[in-house]
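Coordinates as given in start_24.txt (compact mmCIF, C-alpha atoms and all ligand atoms):
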```txt
# COMPACT_ATOMS: atom_id res chain seq x y z
CA MET A 1 11.46 1.55 -8.40
CA VAL A 2 8.17 0.26 -7.00
CA THR A 3 5.02 0.18 -9.08
CA CYS A 4 1.42 0.98 -8.21
CA THR A 5 -0.52 -2.24 -7.52
CA SER A 6 -3.55 -0.65 -9.12
CA CYS A 7 -2.32 0.86 -12.41
CA GLY A 8 1.13 -0.73 -12.70
CA ARG A 9 2.84 2.63 -13.20
CA PRO A 10 6.21 3.19 -11.48
CA ILE A 11 5.79 5.38 -8.40
CA ASP A 12 7.95 8.45 -8.16
CA PRO A 13 9.36 8.59 -4.60
CA TYR A 14 8.39 12.29 -4.43
CA GLU A 15 4.71 11.71 -5.15
CA ARG A 16 2.13 11.11 -2.45
CA TYR A 17 1.67 7.38 -2.59
CA VAL A 18 0.53 5.04 0.14
CA LYS A 19 1.75 1.58 0.98
CA PHE A 20 0.09 -0.88 3.28
CA THR A 21 -0.22 -4.59 3.91
CA CYS A 22 -3.31 -6.14 2.32
CA PHE A 23 -6.13 -5.70 4.85
CA ASN A 24 -7.48 -9.12 3.94
CA CYS A 25 -4.55 -11.57 3.84
CA GLY A 26 -1.92 -9.45 5.58
CA GLU A 27 0.79 -11.02 3.43
CA VAL A 28 1.50 -8.59 0.61
CA THR A 29 2.53 -4.95 0.56
CA LEU A 30 0.26 -2.97 -1.73
CA TRP A 31 1.19 0.37 -3.27
CA ARG A 32 -1.28 2.97 -4.52
CA CYS A 33 -0.20 6.02 -6.48
CA GLU A 34 -1.75 9.41 -5.89
CA LYS A 35 -3.81 9.28 -9.08
CA CYS A 36 -5.32 5.90 -8.27
CA ARG A 37 -6.20 7.12 -4.78
CA THR A 38 -7.70 10.35 -6.09
CA PHE A 39 -9.89 8.52 -8.61
CA ALA A 40 -10.68 5.66 -6.21
CA ARG A 41 -9.42 3.15 -8.76
CA GLU A 42 -9.71 -0.48 -7.79
CA LEU A 43 -6.73 -2.45 -6.62
CA LYS A 44 -6.56 -6.21 -6.32
CA CYS A 45 -4.24 -8.03 -3.96
CA PRO A 46 -1.97 -10.23 -6.09
CA LYS A 47 -1.89 -12.86 -3.35
CA CYS A 48 -5.51 -13.28 -2.16
CA GLY A 49 -7.37 -11.53 -4.98
CA TYR A 50 -9.25 -9.24 -2.60
CA VAL A 51 -10.46 -6.11 -4.36
CA MET A 52 -10.23 -2.71 -2.66
CA PRO A 53 -11.08 0.03 -1.87
CA MET B 1 -23.15 -20.92 17.42
CA SER B 2 -23.17 -17.22 16.54
CA THR B 3 -26.19 -15.27 15.38
CA SER B 4 -24.76 -15.07 11.88
CA GLU B 5 -24.31 -18.81 11.63
CA ARG B 6 -27.88 -19.31 12.79
CA SER B 7 -29.09 -16.86 10.16
CA GLY B 8 -27.67 -19.12 7.45
CA GLU B 9 -26.51 -16.07 5.49
CA GLY B 10 -23.02 -15.99 6.94
CA LEU B 11 -23.26 -12.37 8.08
CA LEU B 12 -21.78 -11.13 11.33
CA ILE B 13 -25.30 -10.44 12.65
CA LEU B 14 -28.75 -10.97 11.22
CA ARG B 15 -29.61 -8.89 8.17
CA THR B 16 -32.71 -7.70 10.06
CA GLU B 17 -30.48 -6.30 12.83
CA TYR B 18 -28.51 -4.26 10.28
CA ILE B 19 -31.77 -3.04 8.79
CA ALA B 20 -33.32 -2.17 12.17
CA ALA B 21 -30.30 0.07 12.87
CA GLY B 22 -30.68 1.67 9.42
CA VAL B 23 -27.16 0.71 8.27
CA HIS B 24 -28.48 0.16 4.72
CA ILE B 25 -30.11 3.61 4.41
CA GLY B 26 -28.09 5.70 1.99
CA THR B 27 -29.01 9.09 0.56
CA LYS B 28 -30.71 10.28 -2.60
CA VAL B 29 -27.33 11.17 -4.01
CA CYS B 30 -24.96 8.47 -5.18
CA THR B 31 -21.38 9.11 -6.24
CA VAL B 32 -19.85 7.01 -9.02
CA CYS B 33 -17.51 5.17 -6.66
CA MET B 34 -20.35 4.25 -4.29
CA ARG B 35 -22.67 2.94 -7.02
CA ARG B 36 -21.20 -0.56 -6.72
CA PHE B 37 -22.42 -0.81 -3.11
CA VAL B 38 -26.03 0.12 -3.85
CA ARG B 39 -28.50 -2.75 -3.82
CA PHE B 40 -31.58 -0.83 -4.83
CA THR B 41 -32.80 2.70 -5.52
CA ARG B 42 -36.30 3.29 -4.14
CA PRO B 43 -38.89 5.03 -6.32
CA ASP B 44 -38.42 8.16 -4.17
CA GLY B 45 -34.73 8.14 -5.14
CA LEU B 46 -33.27 6.90 -1.86
CA ASN B 47 -30.33 4.56 -2.42
CA LEU B 48 -30.16 1.46 -0.25
CA ILE B 49 -26.79 -0.09 0.52
CA GLU B 50 -26.15 -3.83 0.07
CA ILE B 51 -25.65 -5.11 3.61
CA ALA B 52 -23.56 -8.09 2.49
CA GLN B 53 -20.94 -5.63 1.22
CA THR B 54 -21.00 -3.66 4.46
CA ASP B 55 -20.59 -6.88 6.42
CA GLU B 56 -17.69 -8.09 4.31
CA LYS B 57 -15.86 -4.77 4.55
CA ILE B 58 -16.30 -4.72 8.34
CA ARG B 59 -14.72 -8.18 8.50
CA VAL B 60 -11.77 -7.13 6.36
CA ALA B 61 -11.31 -3.84 8.23
CA GLY B 62 -11.39 -5.76 11.52
CA LYS B 63 -8.69 -8.12 10.27
CA GLY B 64 -6.56 -5.28 8.92
CA LEU B 65 -6.81 -3.10 12.04
CA SER B 66 -6.05 -6.01 14.37
CA ARG B 67 -2.58 -6.40 12.83
CA TYR B 68 -1.47 -2.93 13.99
CA GLU B 69 -0.18 -1.97 17.40
CA PRO B 70 -3.13 -0.25 19.13
CA SER B 71 -1.15 2.98 19.63
CA ASP B 72 -0.55 3.17 15.84
CA VAL B 73 -4.26 3.34 15.01
CA ILE B 74 -6.23 6.60 15.13
CA ILE B 75 -10.01 6.62 14.95
CA VAL B 76 -11.44 9.97 13.87
CA SER B 77 -14.96 11.34 14.01
CA GLY B 78 -15.91 14.96 13.90
CA LYS B 79 -19.60 14.04 14.07
CA GLU B 80 -21.71 14.22 17.20
CA TYR B 81 -23.14 10.78 16.57
CA GLY B 82 -19.66 9.39 15.94
CA ARG B 83 -18.28 10.53 19.27
CA THR B 84 -19.49 7.78 21.61
CA PRO B 85 -18.97 4.94 19.08
CA VAL B 86 -15.35 6.05 18.56
CA LEU B 87 -14.63 6.49 22.27
CA LYS B 88 -16.15 3.09 23.02
CA MET B 89 -14.16 1.38 20.28
CA CYS B 90 -10.96 2.95 21.60
CA GLU B 91 -11.81 1.93 25.16
CA TYR B 92 -12.06 -1.72 24.08
CA THR B 93 -9.16 -1.82 21.62
CA GLY B 94 -6.60 0.70 22.88
CA PHE B 95 -6.78 2.65 19.60
CA LYS B 96 -6.46 6.43 19.90
CA PRO B 97 -9.55 8.61 19.36
CA ILE B 98 -9.83 12.08 17.86
CA VAL B 99 -13.38 13.30 18.39
CA GLU B 100 -12.78 16.99 18.96
CA ARG B 101 -11.93 19.53 16.28
CA PHE B 102 -9.18 17.99 14.14
CA PRO B 103 -5.89 19.77 14.94
CA PRO B 104 -4.08 20.74 11.71
CA GLY B 105 -0.50 19.46 11.64
CA ILE B 106 -1.09 16.75 14.23
CA PHE B 107 0.30 14.06 11.87
CA SER B 108 2.42 16.16 9.55
CA ASN B 109 4.13 18.77 11.71
CA PRO B 110 6.68 17.33 14.20
CA LYS B 111 6.88 20.77 15.83
CA TYR B 112 3.21 20.64 16.77
CA GLU B 113 2.85 20.04 20.50
CA GLY B 114 0.41 17.17 20.19
CA TYR B 115 2.24 15.60 17.21
CA ILE B 116 1.52 11.90 16.73
CA SER B 117 2.65 9.51 14.07
CA PRO B 118 -0.02 6.89 13.39
CA LYS B 119 0.31 4.07 10.87
CA ILE B 120 -3.36 3.97 9.84
CA ILE B 121 -6.54 5.96 10.41
CA LEU B 122 -10.23 5.11 10.34
CA VAL B 123 -12.70 7.93 9.67
CA SER B 124 -16.45 7.95 10.19
CA ASP B 125 -17.24 10.33 7.35
CA PRO B 126 -14.97 11.45 4.49
CA LYS B 127 -16.68 14.86 4.29
CA VAL B 128 -16.62 15.72 7.97
CA ASP B 129 -13.20 14.15 8.54
CA GLU B 130 -11.67 15.57 5.39
CA LYS B 131 -8.83 17.29 7.31
CA ALA B 132 -7.77 13.97 8.85
CA ILE B 133 -7.72 12.33 5.43
CA ARG B 134 -5.61 15.19 4.08
CA GLU B 135 -3.10 14.82 6.93
CA ALA B 136 -2.96 11.04 6.46
CA THR B 137 -2.27 11.58 2.78
CA LEU B 138 0.58 13.97 3.58
CA ILE B 139 2.36 11.31 5.61
CA GLY B 140 1.41 8.39 3.32
CA ILE B 141 -0.62 6.23 5.67
CA PRO B 142 -3.71 4.23 4.66
CA VAL B 143 -7.24 5.38 5.35
CA ILE B 144 -10.26 3.22 6.12
CA GLY B 145 -13.51 5.14 5.69
CA ILE B 146 -17.15 4.56 6.51
CA CYS B 147 -18.69 5.94 3.34
CA ASP B 148 -22.32 6.78 2.65
CA THR B 149 -23.72 6.80 -0.89
CA ASP B 150 -23.08 10.55 -1.27
CA ASP B 151 -19.42 10.39 -0.24
CA SER B 152 -16.29 10.79 -2.30
CA CYS B 153 -13.97 7.80 -2.07
CA SER B 154 -10.81 9.72 -2.92
CA TYR B 155 -7.88 8.68 -0.71
CA ILE B 156 -9.93 5.94 0.96
CA ASP B 157 -8.06 2.63 0.80
CA LEU B 158 -10.85 0.52 2.26
CA ILE B 159 -14.47 1.59 1.98
CA ILE B 160 -17.02 0.43 4.53
CA PRO B 161 -20.29 1.29 2.79
CA ALA B 162 -22.86 2.29 5.41
CA ASN B 163 -25.19 4.98 6.64
CA ASN B 164 -22.75 7.30 8.41
CA LYS B 165 -25.38 9.81 9.49
CA GLY B 166 -27.64 7.76 11.77
CA ARG B 167 -26.98 7.38 15.48
CA SER B 168 -27.82 3.67 15.63
CA SER B 169 -26.11 2.90 12.35
CA LEU B 170 -22.80 4.40 13.48
CA ALA B 171 -23.08 2.65 16.83
CA LEU B 172 -23.67 -0.74 15.23
CA VAL B 173 -20.89 -0.38 12.65
CA PHE B 174 -18.35 0.63 15.32
CA TRP B 175 -19.58 -2.11 17.67
CA LEU B 176 -19.10 -4.73 14.95
CA LEU B 177 -15.68 -3.32 14.02
CA THR B 178 -14.66 -3.49 17.67
CA ARG B 179 -15.86 -7.08 17.97
CA GLU B 180 -14.01 -8.10 14.81
CA VAL B 181 -10.77 -6.49 16.01
CA LEU B 182 -11.04 -8.25 19.38
CA ARG B 183 -11.89 -11.58 17.75
CA ASN B 184 -8.95 -11.29 15.36
CA LYS B 185 -6.63 -10.41 18.21
CA GLY B 186 -7.86 -13.44 20.14
CA VAL B 187 -9.24 -11.32 23.00
CA LEU B 188 -12.68 -12.71 22.15
CA SER B 189 -13.30 -16.19 20.78
CA PRO B 190 -14.70 -16.35 17.22
CA THR B 191 -18.25 -16.65 18.54
CA GLU B 192 -17.97 -14.32 21.53
CA SER B 193 -19.19 -10.72 21.83
CA MET B 194 -18.45 -7.88 24.22
CA SER B 195 -20.63 -7.82 27.33
CA GLU B 196 -22.27 -4.57 26.19
CA ASN B 197 -24.56 -4.56 23.18
CA PHE B 198 -24.33 -1.93 20.44
CA HIS B 199 -26.72 0.44 22.21
CA ALA B 200 -23.89 1.17 24.64
CA PHE B 201 -22.03 2.60 21.61
CA GLU B 202 -24.82 5.07 20.82
CA THR B 203 -24.32 8.75 21.45
CA GLN B 204 -27.09 9.83 23.78
CA ILE B 205 -29.30 12.54 22.36
CA GLU B 206 -28.81 14.86 25.38
CA GLU B 207 -25.05 14.38 25.01
CA ALA B 208 -25.19 15.37 21.34
CA ALA B 209 -27.37 18.39 22.14
CA ARG B 210 -24.78 19.63 24.67
CA THR B 211 -21.99 19.60 22.08
CA VAL B 212 -23.97 21.67 19.51
ZN ZN A 301 -1.79 3.87 -9.78
ZN ZN A 302 -4.31 -10.05 0.08
```
In structure tokens, what does this structure look like?
Ligand SMILES: [Zn+2]
Ligand SMILES: [Zn+2]
Amino acid sequence: MVTCTSCGRPIDPYERYVKFTCFNCGEVTLWRCEKCRTFARELKCPKCGYVMP
Amino acid sequence: MSTSERSGEGLLILRTEYIAAGVHIGTKVCTVCMRRFVRFTRPDGLNLIEIAQTDEKIRVAGKGLSRYEPSDVIIVSGKEYGRTPVLKMCEYTGFKPIVERFPPGIFSNPKYEGYISPKIILVSDPKVDEKAIREATLIGIPVIGICDTDDSCSYIDLIIPANNKGRSSLALVFWLLTREVLRNKGVLSPTESMSENFHAFETQIEEAARTV
């Protein structure tokens, strides 16, 4: 099971998550759970350290 | 040498050019998530956005968008002043614009006649383009948003902090985004710009009046 890059919680495949390649380095797939997206919680790319959103 | 290199500040354009277009002008309201992008609150309560943050986010958005196939990118603006900037950006990049009323189900309902399946969207205003954000969320694609100080950042995966109400501000932000996409794709060299300046991206006032 994949985990949210932001909070580290496992993501339920039925929840509304998003996954995308880091906008900065383009090398890592980042996952954001619905809660982290709703509350605009920060996420940091584990590869380049870029902080979003 | 580019303007930014000459400025010595490392920005994409001179700070004064951002300021002249009013990109830094926020609102008197500031949401919690936008607080980090505010440089200064004037005595009258108006929040001013830190241009260096806007500049950096435009760079990163440009890099990110340039990695997608043009047909997979949708640029949305339900605002009058967002119309021309979006159409211009799409003309240069091949991205797909939605500047009319946002059709419900366009991303999420395969039975809808105009159904499309983008991989990322960029919106000019999270409030005005709320329906597009909702649809993107339904299909699990990332959202890049130009957010003013009074905007919610929910479901925005990359925030470009900027004045998203002004005509010149929107034109300049979209012009810079376009230039960054084209530079990252190698269509323009790292110091080259499009032949048109950002005023060509401005919605004309008569044009906006007609759509009211
Ligand atoms: Zn999370
Ligand atoms: Zn990264």
B:Leu170, B:Phe198, B:Lys63, B:Val128 ranked by distance to ligand ZN 302 (chain A), top pick (using only C-alpha atoms and all ligand atoms): B:Lys63
As a quick test: using all atoms listed in the file, which residues lie no more than 7 Å away from ligand ZN 302 (chain A)? Give them as a PyMOL selection string. chain A and resi 22-28+45-50
Env. residues ligand ZN 301 (chain A) / 9 Å / all atoms listed in the file / as a list in words: Thr3, Cys4, Thr5, Ser6, Cys7, Gly8, Arg9, Pro10, Ile11, Tyr17, Trp31, Arg32, Cys33, Glu34, Lys35, Cys36, Arg37, Arg41 and Leu43 of chain A
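Each of B:Gln204, B:Ser71, B:Thr178, B:Ser169 was compared to Glu192 (chain B) using all atoms listed in the file, and B:Thr178 turns out to be the nearest.
Residue nearest Val181 (chain B) within the list B:Glu135, B:Glu69, B:Asp157, B:Glu100: B:Glu69 [criterion: smallest interatomic distance, only C-alpha atoms].
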